[in-house]
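Asker: File name run31.cif; file contents mmCIF, C-alpha atoms; full text below.
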```
data_upload
#
loop_
_atom_site.group_PDB
_atom_site.id
_atom_site.type_symbol
_atom_site.label_atom_id
_atom_site.label_comp_id
_atom_site.auth_asym_id
_atom_site.auth_seq_id
_atom_site.Cartn_x
_atom_site.Cartn_y
_atom_site.Cartn_z
ATOM 1 C CA GLN W 4 -4.236 18.137 -16.539
ATOM 2 C CA MET W 5 -5.237 16.816 -13.087
ATOM 3 C CA ARG W 6 -4.694 20.232 -11.541
ATOM 4 C CA ALA W 7 -7.282 21.744 -13.888
ATOM 5 C CA LEU W 8 -9.720 18.882 -13.256
ATOM 6 C CA TYR W 9 -9.390 19.145 -9.458
ATOM 7 C CA GLY W 10 -9.593 22.927 -9.668
ATOM 8 C CA GLU W 11 -12.915 22.656 -11.481
ATOM 9 C CA ARG W 12 -14.218 20.192 -8.899
ATOM 10 C CA GLN W 13 -13.101 22.393 -6.022
ATOM 11 C CA ALA W 14 -14.819 25.435 -7.529
ATOM 12 C CA THR W 15 -17.990 23.421 -8.105
ATOM 13 C CA LEU W 16 -17.947 22.153 -4.511
ATOM 14 C CA ILE W 17 -17.461 25.679 -3.158
ATOM 15 C CA ASP W 18 -20.389 26.924 -5.270
ATOM 16 C CA ALA W 19 -22.620 24.052 -4.086
ATOM 17 C CA LEU W 20 -21.720 24.595 -0.417
ATOM 18 C CA ASP W 21 -22.349 28.314 -0.751
ATOM 19 C CA ARG W 22 -25.708 27.679 -2.385
ATOM 20 C CA GLU W 23 -26.891 24.921 -0.026
ATOM 21 C CA LEU W 24 -25.168 25.688 3.286
ATOM 22 C CA ARG W 25 -24.499 29.427 3.338
ATOM 23 C CA GLY W 26 -24.115 30.502 6.948
ATOM 24 C CA VAL W 27 -23.625 26.911 8.109
ATOM 25 C CA VAL W 28 -20.183 26.227 6.657
ATOM 26 C CA THR W 29 -17.367 28.514 5.588
ATOM 27 C CA VAL W 30 -14.944 27.429 2.881
ATOM 28 C CA ARG W 31 -12.058 29.164 1.180
ATOM 29 C CA ALA W 32 -10.537 28.127 -2.118
ATOM 30 C CA ALA W 33 -7.205 26.367 -1.795
ATOM 31 C CA PRO W 34 -4.452 26.879 -4.374
ATOM 32 C CA GLY W 35 -4.346 23.144 -5.028
ATOM 33 C CA GLY W 36 -4.803 19.774 -3.451
ATOM 34 C CA MET W 37 -7.542 17.203 -3.161
ATOM 35 C CA HIS W 38 -9.342 18.310 -0.007
ATOM 36 C CA LEU W 39 -11.154 21.411 1.178
ATOM 37 C CA PRO W 40 -11.618 22.395 4.822
ATOM 38 C CA ALA W 41 -15.190 23.398 5.660
ATOM 39 C CA TYR W 42 -15.527 25.276 8.945
ATOM 40 C CA VAL W 43 -18.680 25.358 11.065
ATOM 41 C CA PRO W 44 -19.717 28.145 13.465
ATOM 42 C CA GLY W 45 -18.772 27.712 17.119
ATOM 43 C CA GLU W 46 -22.346 26.999 18.171
ATOM 44 C CA ILE W 47 -22.367 23.854 16.009
ATOM 45 C CA ASP W 48 -20.844 20.807 17.704
ATOM 46 C CA ALA W 49 -18.793 19.114 14.991
ATOM 47 C CA HIS W 50 -18.541 15.892 16.999
ATOM 48 C CA ALA W 51 -22.323 15.689 17.430
ATOM 49 C CA LEU W 52 -22.754 16.431 13.730
ATOM 50 C CA SER W 53 -20.334 13.618 12.853
ATOM 51 C CA HIS W 54 -22.492 11.187 14.879
ATOM 52 C CA ARG W 55 -25.608 12.349 13.038
ATOM 53 C CA GLY W 56 -23.792 11.843 9.754
ATOM 54 C CA ALA W 57 -22.793 8.324 10.761
ATOM 55 C CA ALA W 58 -26.453 7.499 11.346
ATOM 56 C CA ALA W 59 -27.012 8.438 7.682
ATOM 57 C CA THR W 60 -23.948 6.410 6.527
ATOM 58 C CA LEU W 61 -21.922 9.582 5.982
ATOM 59 C CA THR W 62 -18.412 9.713 7.390
ATOM 60 C CA LEU W 63 -17.637 13.130 8.873
ATOM 61 C CA VAL W 64 -14.441 13.403 10.885
ATOM 62 C CA PRO W 65 -14.047 16.710 12.752
ATOM 63 C CA LEU W 66 -10.827 18.631 12.088
ATOM 64 C CA SER W 67 -10.325 18.915 15.850
ATOM 65 C CA ARG W 68 -9.709 15.177 16.008
ATOM 66 C CA PHE W 69 -6.385 15.763 14.260
ATOM 67 C CA ALA W 70 -5.377 18.926 16.142
ATOM 68 C CA LEU W 71 -2.715 18.971 18.836
ATOM 69 C CA LYS W 72 -4.201 22.114 20.373
ATOM 70 C CA PRO W 73 -7.843 23.222 20.653
ATOM 71 C CA LEU W 74 -9.118 24.849 17.471
ATOM 72 C CA ARG W 75 -10.893 28.188 17.449
ATOM 73 C CA THR W 76 -13.196 26.908 14.724
ATOM 74 C CA ASP W 77 -13.918 23.251 14.058
ATOM 75 C CA GLY W 78 -15.057 21.751 10.804
ATOM 76 C CA PHE W 79 -14.512 18.908 8.387
ATOM 77 C CA LEU W 80 -12.091 18.054 5.609
ATOM 78 C CA LEU W 81 -13.997 17.428 2.384
ATOM 79 C CA GLY W 82 -12.506 15.257 -0.342
ATOM 80 C CA TYR W 83 -13.697 15.968 -3.873
ATOM 81 C CA THR W 84 -11.332 14.208 -6.274
ATOM 82 C CA SER W 85 -13.370 11.027 -6.682
ATOM 83 C CA ILE W 86 -16.599 12.914 -7.421
ATOM 84 C CA SER W 87 -17.290 14.514 -10.793
ATOM 85 C CA ALA W 88 -18.238 18.179 -11.062
ATOM 86 C CA ARG W 89 -21.639 17.042 -12.331
ATOM 87 C CA GLN W 90 -22.215 14.976 -9.168
ATOM 88 C CA LEU W 91 -21.098 17.870 -6.977
ATOM 89 C CA ARG W 92 -23.699 20.167 -8.523
#
```
When written as structure tokens, how does the structure in this file appear?
Answerer:
Amino acid sequence: QMRALYGERQATLIDALDRELRGVVTVRAAPGGMHLPAYVPGEIDAHALSHRGAAATLTLVPLSRFALKPLRTDGFLLGYTSISARQLR
């Protein structure tokens, strides 16, 4: 039951990101889970973007903050389980 609900929310989030941020973020559907990695192109500084988000009361933690080695592509981990599909649209 929860798997289907989270699957719907993930698909809705992917559609919304593709519609609103095509070319800015890259996402790939995950087989399950409660988070979705969103990758940004190399010319976008994820750390600088996280500071801009903080100024707008949005918490964005770059994936590279959790990496033991440098990442080829940085991004953010997006949680979607506490947001309805309607809100994600």
Asker: For the structure provided, state which residues fall under the PyMOL selection byres ((chain W and resi 77) around 9), and present them as a PDB file with C-alpha atoms, keeping the file's coordinate frame.
Answerer:
```
ATOM      1  CA  ALA W  41     -15.190  23.398   5.660  1.00  0.00           C
ATOM      2  CA  TYR W  42     -15.527  25.276   8.945  1.00  0.00           C
ATOM      3  CA  VAL W  43     -18.680  25.358  11.065  1.00  0.00           C
ATOM      4  CA  PRO W  44     -19.717  28.145  13.465  1.00  0.00           C
ATOM      5  CA  GLY W  45     -18.772  27.712  17.119  1.00  0.00           C
ATOM      6  CA  ILE W  47     -22.367  23.854  16.009  1.00  0.00           C
ATOM      7  CA  ASP W  48     -20.844  20.807  17.704  1.00  0.00           C
ATOM      8  CA  ALA W  49     -18.793  19.114  14.991  1.00  0.00           C
ATOM      9  CA  PRO W  65     -14.047  16.710  12.752  1.00  0.00           C
ATOM     10  CA  LEU W  66     -10.827  18.631  12.088  1.00  0.00           C
ATOM     11  CA  SER W  67     -10.325  18.915  15.850  1.00  0.00           C
ATOM     12  CA  PRO W  73      -7.843  23.222  20.653  1.00  0.00           C
ATOM     13  CA  LEU W  74      -9.118  24.849  17.471  1.00  0.00           C
ATOM     14  CA  ARG W  75     -10.893  28.188  17.449  1.00  0.00           C
ATOM     15  CA  THR W  76     -13.196  26.908  14.724  1.00  0.00           C
ATOM     16  CA  GLY W  78     -15.057  21.751  10.804  1.00  0.00           C
ATOM     17  CA  PHE W  79     -14.512  18.908   8.387  1.00  0.00           C
TER      18      PHE W  79
END
```
Asker: Between W:Asp18, W:Gln4, W:Met37, W:Arg25, single out the one closest to W:Ser85, counting all atoms listed in the file.
Answerer: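 Looking at the shortest contact to W:Ser85, the residue is W:Met37.
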Asker: Apply the PyMOL selection byres ((chain W and resi 62) around 12) to the structure shown and report the selected residues as a list of chain:residue names.
Answerer: W:His50, W:Leu52, W:Ser53, W:His54, W:Arg55, W:Gly56, W:Ala57, W:Ala58, W:Ala59, W:Thr60, W:Leu61, W:Leu63, W:Val64, W:Pro65, W:Phe79, W:Leu80, W:Leu81, W:Gly82
Asker: Which residue, W:Arg92, W:Glu11, W:Leu71, W:Glu46, has the smallest gap to W:Gly26 when you use all atoms listed in the file?
Answerer: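 Ranking W:Arg92, W:Glu11, W:Leu71, W:Glu46 by distance to W:Gly26, first place goes to W:Glu46.
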Asker: For atom CA of W:Arg68 and atom CA of W:Gly35, quote the distance in Å rounded to one decimal.
Answerer: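 Computing the Euclidean distance for atom CA of W:Arg68 and atom CA of W:Gly35 yields 23.1 Å.
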Asker: Need the axis-aligned box for stretch 79-84 of chain W with 4 Å each side, so what are the centre and edges in Å to one decimal, as lines of an AutoDock Vina configuration file?
Answerer:
```
center_x = -12.9
center_y = 16.6
center_z = 1.1
size_x = 11.2
size_y = 12.7
size_z = 22.7
```
Asker: For W:Thr84, work out the shell of residues within 10 Å, counting all atoms listed in the file and skipping chain neighbours fewer than 4 positions away, then give it as a ChimeraX atom specification.
Answerer: /W:5,8-10,12-13,36-38,88
Asker: Quick one, how far is atom CA of W:Arg89 from atom CA of W:Ala14?
Answerer: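 The value is 11.8 Å.
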Asker: One decimal, Å: what's the distance from atom CA of W:Arg31 over to atom CA of W:Leu91, could you say?
Answerer: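 Interatomic distance, atom CA of W:Arg31 to atom CA of W:Leu91: 16.6 Å.
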Asker: Can you translate the PyMOL selection byres ((chain W and resi 30) around 9) into the concrete residues it hits in this file, as a CSV table (one decimal) with C-alpha atoms, in the frame of the given file?
Answerer:
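This is the output file part_30.csv:
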```csv
chain,number,residue,atom,x,y,z
W,17,ILE,CA,-17.5,25.7,-3.2
W,20,LEU,CA,-21.7,24.6,-0.4
W,21,ASP,CA,-22.3,28.3,-0.8
W,28,VAL,CA,-20.2,26.2,6.7
W,29,THR,CA,-17.4,28.5,5.6
W,31,ARG,CA,-12.1,29.2,1.2
W,32,ALA,CA,-10.5,28.1,-2.1
W,39,LEU,CA,-11.2,21.4,1.2
W,40,PRO,CA,-11.6,22.4,4.8
W,41,ALA,CA,-15.2,23.4,5.7
W,42,TYR,CA,-15.5,25.3,8.9
```
